[in-house]
file start-v1.pdb (PDB, C-alpha atoms and all ligand atoms)
ATOM      1  CA  MET C   4     -76.952  95.470 -50.519  1.00  0.00           C
ATOM      2  CA  ASP C   5     -78.426  92.325 -52.035  1.00  0.00           C
ATOM      3  CA  PHE C   6     -76.815  89.025 -50.895  1.00  0.00           C
ATOM      4  CA  TYR C   7     -75.223  88.325 -54.296  1.00  0.00           C
ATOM      5  CA  ASP C   8     -73.870  91.908 -54.497  1.00  0.00           C
ATOM      6  CA  VAL C   9     -72.129  91.389 -51.155  1.00  0.00           C
ATOM      7  CA  VAL C  10     -70.652  88.094 -52.362  1.00  0.00           C
ATOM      8  CA  GLU C  11     -69.514  89.684 -55.648  1.00  0.00           C
ATOM      9  CA  ARG C  12     -67.989  92.810 -54.099  1.00  0.00           C
ATOM     10  CA  ARG C  13     -66.302  91.477 -50.954  1.00  0.00           C
ATOM     11  CA  ARG C  14     -62.506  91.623 -51.095  1.00  0.00           C
ATOM     12  CA  SER C  15     -59.857  90.797 -48.533  1.00  0.00           C
ATOM     13  CA  ILE C  16     -58.791  94.114 -46.992  1.00  0.00           C
ATOM     14  CA  ARG C  17     -55.254  94.606 -45.645  1.00  0.00           C
ATOM     15  CA  SER C  18     -55.216  98.364 -44.968  1.00  0.00           C
ATOM     16  CA  PHE C  19     -57.710  99.964 -42.602  1.00  0.00           C
ATOM     17  CA  ALA C  20     -58.853 103.443 -41.520  1.00  0.00           C
ATOM     18  CA  PRO C  21     -58.366 104.085 -37.772  1.00  0.00           C
ATOM     19  CA  THR C  22     -62.131 104.706 -37.322  1.00  0.00           C
ATOM     20  CA  PRO C  23     -63.419 102.198 -34.759  1.00  0.00           C
ATOM     21  CA  VAL C  24     -66.083  99.738 -35.883  1.00  0.00           C
ATOM     22  CA  PRO C  25     -69.113 100.238 -33.589  1.00  0.00           C
ATOM     23  CA  ASP C  26     -69.686  97.358 -31.161  1.00  0.00           C
ATOM     24  CA  ASP C  27     -73.221  96.757 -32.454  1.00  0.00           C
ATOM     25  CA  VAL C  28     -71.934  96.306 -36.018  1.00  0.00           C
ATOM     26  CA  VAL C  29     -69.369  93.721 -34.876  1.00  0.00           C
ATOM     27  CA  ALA C  30     -72.003  92.026 -32.696  1.00  0.00           C
ATOM     28  CA  ARG C  31     -74.470  91.778 -35.619  1.00  0.00           C
ATOM     29  CA  ALA C  32     -71.862  90.196 -37.880  1.00  0.00           C
ATOM     30  CA  LEU C  33     -70.806  87.739 -35.145  1.00  0.00           C
ATOM     31  CA  LYS C  34     -74.445  86.830 -34.550  1.00  0.00           C
ATOM     32  CA  ALA C  35     -74.837  86.083 -38.264  1.00  0.00           C
ATOM     33  CA  ALA C  36     -71.653  83.954 -38.193  1.00  0.00           C
ATOM     34  CA  GLN C  37     -73.053  81.964 -35.285  1.00  0.00           C
ATOM     35  CA  ARG C  38     -76.194  81.158 -37.318  1.00  0.00           C
ATOM     36  CA  SER C  39     -73.956  78.966 -39.500  1.00  0.00           C
ATOM     37  CA  PRO C  40     -74.670  75.260 -39.771  1.00  0.00           C
ATOM     38  CA  SER C  41     -72.437  72.817 -37.870  1.00  0.00           C
ATOM     39  CA  PRO C  42     -72.277  69.044 -37.320  1.00  0.00           C
ATOM     40  CA  LEU C  43     -75.031  68.037 -34.868  1.00  0.00           C
ATOM     41  CA  ASN C  44     -75.372  71.771 -34.182  1.00  0.00           C
ATOM     42  CA  SER C  45     -72.106  71.550 -32.215  1.00  0.00           C
ATOM     43  CA  GLN C  46     -71.188  75.217 -32.969  1.00  0.00           C
ATOM     44  CA  PRO C  47     -67.463  74.454 -32.627  1.00  0.00           C
ATOM     45  CA  TRP C  48     -66.286  78.039 -33.242  1.00  0.00           C
ATOM     46  CA  ARG C  49     -65.012  80.461 -30.644  1.00  0.00           C
ATOM     47  CA  PHE C  50     -64.524  84.164 -31.480  1.00  0.00           C
ATOM     48  CA  ILE C  51     -62.338  86.388 -29.302  1.00  0.00           C
ATOM     49  CA  VAL C  52     -62.809  90.090 -30.091  1.00  0.00           C
ATOM     50  CA  LEU C  53     -59.767  92.235 -29.276  1.00  0.00           C
ATOM     51  CA  ASN C  54     -59.853  96.016 -28.967  1.00  0.00           C
ATOM     52  CA  GLY C  55     -57.642  98.645 -27.324  1.00  0.00           C
ATOM     53  CA  GLN C  56     -54.570  97.303 -25.537  1.00  0.00           C
ATOM     54  CA  ALA C  57     -55.553  93.684 -26.334  1.00  0.00           C
ATOM     55  CA  ARG C  58     -55.614  94.590 -30.028  1.00  0.00           C
ATOM     56  CA  ASP C  59     -52.191  96.242 -29.778  1.00  0.00           C
ATOM     57  CA  THR C  60     -50.777  93.135 -28.103  1.00  0.00           C
ATOM     58  CA  ILE C  61     -52.031  90.670 -30.724  1.00  0.00           C
ATOM     59  CA  CYS C  62     -50.651  92.964 -33.439  1.00  0.00           C
ATOM     60  CA  SER C  63     -47.210  92.972 -31.822  1.00  0.00           C
ATOM     61  CA  ILE C  64     -47.288  89.180 -31.421  1.00  0.00           C
ATOM     62  CA  VAL C  65     -48.178  88.708 -35.104  1.00  0.00           C
ATOM     63  CA  ALA C  66     -45.556  91.312 -36.092  1.00  0.00           C
ATOM     64  CA  GLY C  67     -42.975  89.143 -34.323  1.00  0.00           C
ATOM     65  CA  SER C  68     -43.674  86.386 -36.832  1.00  0.00           C
ATOM     66  CA  SER C  69     -42.691  88.440 -39.872  1.00  0.00           C
ATOM     67  CA  ARG C  70     -39.070  87.283 -39.521  1.00  0.00           C
ATOM     68  CA  LEU C  71     -40.453  83.873 -40.553  1.00  0.00           C
ATOM     69  CA  LEU C  72     -41.685  85.461 -43.772  1.00  0.00           C
ATOM     70  CA  GLU C  73     -38.081  86.269 -44.564  1.00  0.00           C
ATOM     71  CA  ASP C  74     -37.374  82.528 -44.686  1.00  0.00           C
ATOM     72  CA  LEU C  75     -39.667  82.448 -47.717  1.00  0.00           C
ATOM     73  CA  LEU C  76     -37.576  85.076 -49.518  1.00  0.00           C
ATOM     74  CA  PRO C  77     -35.905  82.644 -51.919  1.00  0.00           C
ATOM     75  CA  LEU C  78     -39.314  81.244 -52.901  1.00  0.00           C
ATOM     76  CA  VAL C  79     -41.482  84.324 -53.358  1.00  0.00           C
ATOM     77  CA  ASP C  80     -41.231  87.665 -55.159  1.00  0.00           C
ATOM     78  CA  PRO C  81     -39.431  89.998 -52.666  1.00  0.00           C
ATOM     79  CA  ALA C  82     -42.052  92.709 -53.329  1.00  0.00           C
ATOM     80  CA  VAL C  83     -44.750  90.324 -52.067  1.00  0.00           C
ATOM     81  CA  ILE C  84     -42.694  89.591 -48.929  1.00  0.00           C
ATOM     82  CA  GLU C  85     -42.153  93.319 -48.363  1.00  0.00           C
ATOM     83  CA  GLN C  86     -45.907  93.946 -48.639  1.00  0.00           C
ATOM     84  CA  ALA C  87     -46.618  91.070 -46.229  1.00  0.00           C
ATOM     85  CA  VAL C  88     -44.037  92.314 -43.687  1.00  0.00           C
ATOM     86  CA  ARG C  89     -45.610  95.799 -43.840  1.00  0.00           C
ATOM     87  CA  PHE C  90     -49.092  94.335 -43.316  1.00  0.00           C
ATOM     88  CA  PHE C  91     -47.868  92.091 -40.476  1.00  0.00           C
ATOM     89  CA  SER C  92     -46.201  95.030 -38.696  1.00  0.00           C
ATOM     90  CA  ASP C  93     -49.602  96.330 -37.465  1.00  0.00           C
ATOM     91  CA  LEU C  94     -52.208  94.120 -39.185  1.00  0.00           C
ATOM     92  CA  GLY C  95     -52.956  96.948 -41.589  1.00  0.00           C
ATOM     93  CA  GLY C  96     -53.906  99.299 -38.726  1.00  0.00           C
ATOM     94  CA  ALA C  97     -57.118  97.352 -38.051  1.00  0.00           C
ATOM     95  CA  PRO C  98     -58.894  98.864 -35.008  1.00  0.00           C
ATOM     96  CA  THR C  99     -60.313  95.440 -34.025  1.00  0.00           C
ATOM     97  CA  VAL C 100     -58.855  91.963 -34.348  1.00  0.00           C
ATOM     98  CA  ILE C 101     -60.838  88.749 -33.985  1.00  0.00           C
ATOM     99  CA  VAL C 102     -59.114  85.478 -33.067  1.00  0.00           C
ATOM    100  CA  VAL C 103     -60.972  82.310 -34.068  1.00  0.00           C
ATOM    101  CA  THR C 104     -60.363  78.956 -32.366  1.00  0.00           C
ATOM    102  CA  LEU C 105     -62.141  75.621 -31.979  1.00  0.00           C
ATOM    103  CA  PRO C 106     -61.964  72.768 -29.499  1.00  0.00           C
ATOM    104  CA  ARG C 107     -59.107  70.326 -30.056  1.00  0.00           C
ATOM    105  CA  PHE C 108     -60.446  67.079 -31.549  1.00  0.00           C
ATOM    106  CA  THR C 109     -58.472  63.836 -31.533  1.00  0.00           C
ATOM    107  CA  ALA C 110     -60.518  61.882 -34.096  1.00  0.00           C
ATOM    108  CA  ASP C 111     -59.741  62.863 -37.719  1.00  0.00           C
ATOM    109  CA  TYR C 112     -63.414  62.912 -38.731  1.00  0.00           C
ATOM    110  CA  ASP C 113     -64.436  65.156 -35.818  1.00  0.00           C
ATOM    111  CA  ARG C 114     -61.608  67.575 -36.553  1.00  0.00           C
ATOM    112  CA  LYS C 115     -62.352  67.672 -40.272  1.00  0.00           C
ATOM    113  CA  VAL C 116     -66.052  68.449 -39.872  1.00  0.00           C
ATOM    114  CA  ALA C 117     -65.398  70.981 -37.102  1.00  0.00           C
ATOM    115  CA  LEU C 118     -62.845  72.819 -39.267  1.00  0.00           C
ATOM    116  CA  LEU C 119     -65.336  72.807 -42.134  1.00  0.00           C
ATOM    117  CA  ALA C 120     -67.980  74.367 -39.869  1.00  0.00           C
ATOM    118  CA  VAL C 121     -65.567  76.980 -38.490  1.00  0.00           C
ATOM    119  CA  GLY C 122     -64.504  77.898 -42.035  1.00  0.00           C
ATOM    120  CA  GLY C 123     -68.155  78.337 -42.941  1.00  0.00           C
ATOM    121  CA  ALA C 124     -68.788  80.566 -39.929  1.00  0.00           C
ATOM    122  CA  VAL C 125     -65.712  82.676 -40.720  1.00  0.00           C
ATOM    123  CA  ASN C 126     -67.022  83.058 -44.251  1.00  0.00           C
ATOM    124  CA  VAL C 127     -70.429  84.278 -43.016  1.00  0.00           C
ATOM    125  CA  LEU C 128     -68.636  86.662 -40.634  1.00  0.00           C
ATOM    126  CA  GLN C 129     -66.564  88.164 -43.452  1.00  0.00           C
ATOM    127  CA  HIS C 130     -69.599  88.566 -45.711  1.00  0.00           C
ATOM    128  CA  ALA C 131     -71.755  90.041 -42.929  1.00  0.00           C
ATOM    129  CA  LEU C 132     -68.983  92.556 -42.203  1.00  0.00           C
ATOM    130  CA  ALA C 133     -68.721  93.350 -45.931  1.00  0.00           C
ATOM    131  CA  ALA C 134     -72.490  93.987 -45.990  1.00  0.00           C
ATOM    132  CA  GLU C 135     -71.875  96.543 -43.211  1.00  0.00           C
ATOM    133  CA  GLY C 136     -69.087  98.190 -45.242  1.00  0.00           C
ATOM    134  CA  VAL C 137     -66.437  96.704 -42.932  1.00  0.00           C
ATOM    135  CA  GLY C 138     -63.341  95.068 -44.397  1.00  0.00           C
ATOM    136  CA  SER C 139     -61.570  91.959 -43.110  1.00  0.00           C
ATOM    137  CA  VAL C 140     -59.009  89.332 -44.046  1.00  0.00           C
ATOM    138  CA  CYS C 141     -58.325  85.830 -42.817  1.00  0.00           C
ATOM    139  CA  VAL C 142     -54.721  85.732 -41.560  1.00  0.00           C
ATOM    140  CA  THR C 143     -54.137  82.017 -41.088  1.00  0.00           C
ATOM    141  CA  SER C 144     -50.370  82.560 -41.357  1.00  0.00           C
ATOM    142  CA  ALA C 145     -50.554  83.851 -37.769  1.00  0.00           C
ATOM    143  CA  VAL C 146     -50.384  80.097 -37.063  1.00  0.00           C
ATOM    144  CA  TRP C 147     -46.615  80.697 -36.757  1.00  0.00           C
ATOM    145  CA  VAL C 148     -47.304  82.372 -33.412  1.00  0.00           C
ATOM    146  CA  GLU C 149     -50.365  80.341 -32.424  1.00  0.00           C
ATOM    147  CA  GLU C 150     -48.810  78.942 -29.257  1.00  0.00           C
ATOM    148  CA  ARG C 151     -48.191  82.419 -27.861  1.00  0.00           C
ATOM    149  CA  ILE C 152     -51.707  83.547 -28.871  1.00  0.00           C
ATOM    150  CA  ARG C 153     -53.367  80.503 -27.294  1.00  0.00           C
ATOM    151  CA  SER C 154     -51.376  80.605 -24.069  1.00  0.00           C
ATOM    152  CA  ASP C 155     -51.785  84.370 -23.542  1.00  0.00           C
ATOM    153  CA  LEU C 156     -55.542  84.064 -24.097  1.00  0.00           C
ATOM    154  CA  GLY C 157     -55.794  80.992 -21.857  1.00  0.00           C
ATOM    155  CA  LEU C 158     -56.883  78.797 -24.777  1.00  0.00           C
ATOM    156  CA  GLU C 159     -54.158  76.144 -24.516  1.00  0.00           C
ATOM    157  CA  ASN C 160     -56.683  73.382 -25.179  1.00  0.00           C
ATOM    158  CA  ASP C 161     -58.094  74.987 -28.315  1.00  0.00           C
ATOM    159  CA  GLU C 162     -56.984  74.607 -31.899  1.00  0.00           C
ATOM    160  CA  PHE C 163     -56.035  77.893 -33.560  1.00  0.00           C
ATOM    161  CA  ALA C 164     -58.055  78.658 -36.717  1.00  0.00           C
ATOM    162  CA  THR C 165     -57.248  82.213 -37.777  1.00  0.00           C
ATOM    163  CA  VAL C 166     -56.751  85.846 -36.873  1.00  0.00           C
ATOM    164  CA  ILE C 167     -59.099  88.312 -38.617  1.00  0.00           C
ATOM    165  CA  PRO C 168     -58.234  92.024 -38.534  1.00  0.00           C
ATOM    166  CA  ILE C 169     -61.348  94.109 -39.232  1.00  0.00           C
ATOM    167  CA  GLY C 170     -62.048  97.779 -39.923  1.00  0.00           C
ATOM    168  CA  TYR C 171     -63.260 100.247 -42.504  1.00  0.00           C
ATOM    169  CA  PRO C 172     -61.123  99.951 -45.651  1.00  0.00           C
ATOM    170  CA  ALA C 173     -58.468 102.693 -45.971  1.00  0.00           C
ATOM    171  CA  ALA C 174     -59.268 102.836 -49.710  1.00  0.00           C
ATOM    172  CA  PRO C 175     -62.203 101.563 -51.758  1.00  0.00           C
ATOM    173  CA  PRO C 176     -61.911  97.779 -52.195  1.00  0.00           C
ATOM    174  CA  ALA C 177     -60.280  96.706 -55.465  1.00  0.00           C
ATOM    175  CA  THR C 178     -62.426  95.239 -58.230  1.00  0.00           C
ATOM    176  CA  PRO C 179     -63.294  91.593 -57.650  1.00  0.00           C
ATOM    177  CA  VAL C 180     -60.834  89.081 -59.066  1.00  0.00           C
ATOM    178  CA  GLU C 181     -62.234  86.664 -61.628  1.00  0.00           C
ATOM    179  CA  ARG C 182     -62.862  83.152 -60.353  1.00  0.00           C
ATOM    180  CA  GLU C 183     -62.616  79.949 -62.374  1.00  0.00           C
ATOM    181  CA  ASP C 184     -65.719  77.796 -62.610  1.00  0.00           C
ATOM    182  CA  LYS C 185     -64.718  74.643 -60.755  1.00  0.00           C
ATOM    183  CA  VAL C 186     -68.127  72.987 -60.900  1.00  0.00           C
ATOM    184  CA  LEU C 187     -68.541  69.581 -62.530  1.00  0.00           C
ATOM    185  CA  ARG C 188     -72.093  68.951 -63.758  1.00  0.00           C
ATOM    186  CA  LEU C 189     -73.221  65.354 -64.331  1.00  0.00           C
ATOM    187  CA  ASP C 190     -76.482  63.917 -65.573  1.00  0.00           C
ATOM    188  CA  VAL C 191     -75.095  60.383 -65.789  1.00  0.00           C
ATOM    189  CA  TRP C 192     -72.994  58.750 -63.057  1.00  0.00           C
ATOM    190  CA  PRO C 193     -69.570  58.160 -64.693  1.00  0.00           C
ATOM    191  CA  ARG C 194     -69.244  54.482 -63.735  1.00  0.00           C
ATOM    192  CA  ALA C 195     -72.705  53.798 -65.149  1.00  0.00           C
ATOM    193  CA  ALA C 196     -71.620  55.563 -68.367  1.00  0.00           C
ATOM    194  CA  GLU C 197     -68.772  53.057 -68.632  1.00  0.00           C
ATOM    195  CA  GLY C 198     -71.319  50.264 -68.489  1.00  0.00           C
ATOM    196  CA  ARG C 199     -70.628  49.326 -64.864  1.00  0.00           C
ATOM    197  CA  SER C 200     -73.391  49.408 -62.315  1.00  0.00           C
ATOM    198  CA  SER C 201     -72.872  51.154 -58.988  1.00  0.00           C
ATOM    199  CA  GLY C 202     -73.693  47.794 -57.392  1.00  0.00           C
TER     200      GLY C 202
HETATM  201  C1  LIG P   1     -58.562  79.972 -45.233  1.00  0.00           C
HETATM  202  C2  LIG P   1     -57.950  81.267 -45.737  1.00  0.00           C
HETATM  203  C3  LIG P   1     -56.663  81.606 -45.330  1.00  0.00           C
HETATM  204  C4  LIG P   1     -56.086  82.815 -45.738  1.00  0.00           C
HETATM  205  N1  LIG P   1     -54.862  83.172 -45.233  1.00  0.00           N
HETATM  206  C5  LIG P   1     -54.361  84.389 -45.533  1.00  0.00           C
HETATM  207  C6  LIG P   1     -53.158  84.838 -44.901  1.00  0.00           C
HETATM  208  O1  LIG P   1     -52.555  84.145 -44.083  1.00  0.00           O
HETATM  209  N2  LIG P   1     -52.694  86.079 -45.209  1.00  0.00           N
HETATM  210  C7  LIG P   1     -53.360  86.896 -46.085  1.00  0.00           C
HETATM  211  O2  LIG P   1     -52.898  88.018 -46.327  1.00  0.00           O
HETATM  212  N3  LIG P   1     -54.516  86.503 -46.699  1.00  0.00           N
HETATM  213  C8  LIG P   1     -55.034  85.282 -46.432  1.00  0.00           C
HETATM  214  N4  LIG P   1     -56.229  84.883 -46.989  1.00  0.00           N
HETATM  215  C9  LIG P   1     -56.922  85.758 -47.949  1.00  0.00           C
HETATM  216  C10 LIG P   1     -56.739  85.247 -49.378  1.00  0.00           C
HETATM  217  O3  LIG P   1     -55.445  85.578 -49.814  1.00  0.00           O
HETATM  218  C11 LIG P   1     -57.813  85.876 -50.280  1.00  0.00           C
HETATM  219  O4  LIG P   1     -59.089  85.471 -49.837  1.00  0.00           O
HETATM  220  C12 LIG P   1     -57.666  85.439 -51.736  1.00  0.00           C
HETATM  221  O5  LIG P   1     -56.447  85.915 -52.278  1.00  0.00           O
HETATM  222  C13 LIG P   1     -58.818  85.946 -52.617  1.00  0.00           C
HETATM  223  O6  LIG P   1     -58.892  87.360 -52.573  1.00  0.00           O
HETATM  224  P1  LIG P   1     -60.223  88.092 -52.062  1.00  0.00           P
HETATM  225  O7  LIG P   1     -60.547  87.577 -50.689  1.00  0.00           O
HETATM  226  O8  LIG P   1     -59.911  89.556 -52.070  1.00  0.00           O
HETATM  227  O9  LIG P   1     -61.335  87.768 -53.041  1.00  0.00           O
HETATM  228  C14 LIG P   1     -56.807  83.676 -46.617  1.00  0.00           C
HETATM  229  C15 LIG P   1     -58.094  83.315 -47.025  1.00  0.00           C
HETATM  230  C16 LIG P   1     -58.663  82.140 -46.582  1.00  0.00           C
HETATM  231  C17 LIG P   1     -60.074  81.805 -47.007  1.00  0.00           C
END

call {"tool": "encode", "arguments": {"input": "start-v1.pdb", "output": "structure tokens"}}
result
Amino acid sequence: MDFYDVVERRRSIRSFAPTPVPDDVVARALKAAQRSPSPLNSQPWRFIVLNGQARDTICSIVAGSSRLLEDLLPLVDPAVIEQAVRFFSDLGGAPTVIVVTLPRFTADYDRKVALLAVGGAVNVLQHALAAEGVGSVCVTSAVWVEERIRSDLGLENDEFATVIPIGYPAAPPATPVEREDKVLRLDVWPRAAEGRSSG
């Protein structure tokens, strides 16, 4: 598939077939993710790939957080909550789950640029998987149970970024959702247009 086709067709997948994703497919996608740019080539991402019993354990930890979804009941359509609770109960049956973390930064700037780089790498990972026909979804709401995830995995000093269940989609991905064009195009710097120089 051409790069732009992958970008156009990728969807977040929340229901997976039980078929395992071959290790070499996951490794290729992770290698692509780790080609991502980062500040001073710091490569601040860390990917933890969970299969088998480790996968079952992360799923049960995340499932434990669905009671927190119920707190949102008054705010959100109950059907949406019901769908989310079902997905959280076993992360859509994903055969593999990837946890993404980064080092803990104290300076705001360092943290901001590291998070930007990790987001970029996660994005490449999801698109590389999509190019392989493998579905995924960023589950940042697993942050509700991040302390348990970090301590069980011995990553107490890391910052939690996201959990990403991956697997072959249980059904063909839905048609892409339209996106708004949020690009501002300028030929003249606005302050100059008002007759002020940038000084
Ligand atoms: C940073 C980030 C956080 C997200 N967190 C969640 C999440 O916690 N749970 C979830 O089901 N989807 C999550 N998503 C998936 C978005 O809901 C999804 O990307 C968006 O609705 C657009 O749909 P699409 O990915 O199918 O194009 C997240 C996506 C991103 C990029």

call {"tool": "resolve_selection", "arguments": {"input": "start-v1.pdb", "expression": "the PyMOL selection byres (((chain C and resi 174) around 12) and not hetatm)", "output": "NGL selection string"}}
result
:C and (14 or 16-20 or 95 or 136-138 or 170-173 or 175-178)

call {"tool": "closest_residue", "arguments": {"input": "start-v1.pdb", "among": "C:Thr60, C:Gln37, C:Ser69, C:Gln86", "to": "C:Leu128", "atoms": "all atoms listed in the file"}}
result
C:Gln37

call {"tool": "axis_aligned_box", "arguments": {"input": "start-v1.pdb", "around": "ligand LIG 1 (chain P)", "padding_each_side": "4 Å", "output": "lines of an AutoDock Vina configuration file"}}
result
center_x = -56.9
center_y = 84.8
center_z = -48.6
size_x = 16.8
size_y = 17.6
size_z = 17.0

call {"tool": "closest_residue", "arguments": {"input": "start-v1.pdb", "among": "C:Cys62, C:Pro81, C:Lys185, C:Thr99", "to": "C:Val28", "atoms": "only C-alpha atoms"}}
result
C:Thr99

call {"tool": "resolve_selection", "arguments": {"input": "start-v1.pdb", "expression": "the PyMOL selection byres (((chain C and resi 30) around 12) and not hetatm)", "output": "PyMOL selection string"}}
result
chain C and resi 24-29+31-37+50-52+101+128+131-132+135

call {"tool": "residues_around", "arguments": {"input": "start-v1.pdb", "residues": "stretch 141-152 of chain C", "least_positions_apart": "4", "cutoff": "6 Å", "atoms": "only C-alpha atoms", "output": "compact mmCIF listing (two decimals) with C-alpha atoms, in the frame of the given file"}}
result
# COMPACT_ATOMS: atom_id res chain seq x y z
CA THR C 165 -57.25 82.21 -37.78
CA VAL C 166 -56.75 85.85 -36.87
CA ILE C 167 -59.10 88.31 -38.62

call {"tool": "closest_residue", "arguments": {"input": "start-v1.pdb", "among": "C:Gly122, C:Gly157, C:Pro193, C:Pro168", "to": "ligand LIG 1 (chain P)", "atoms": "all atoms listed in the file"}}
result
C:Gly122
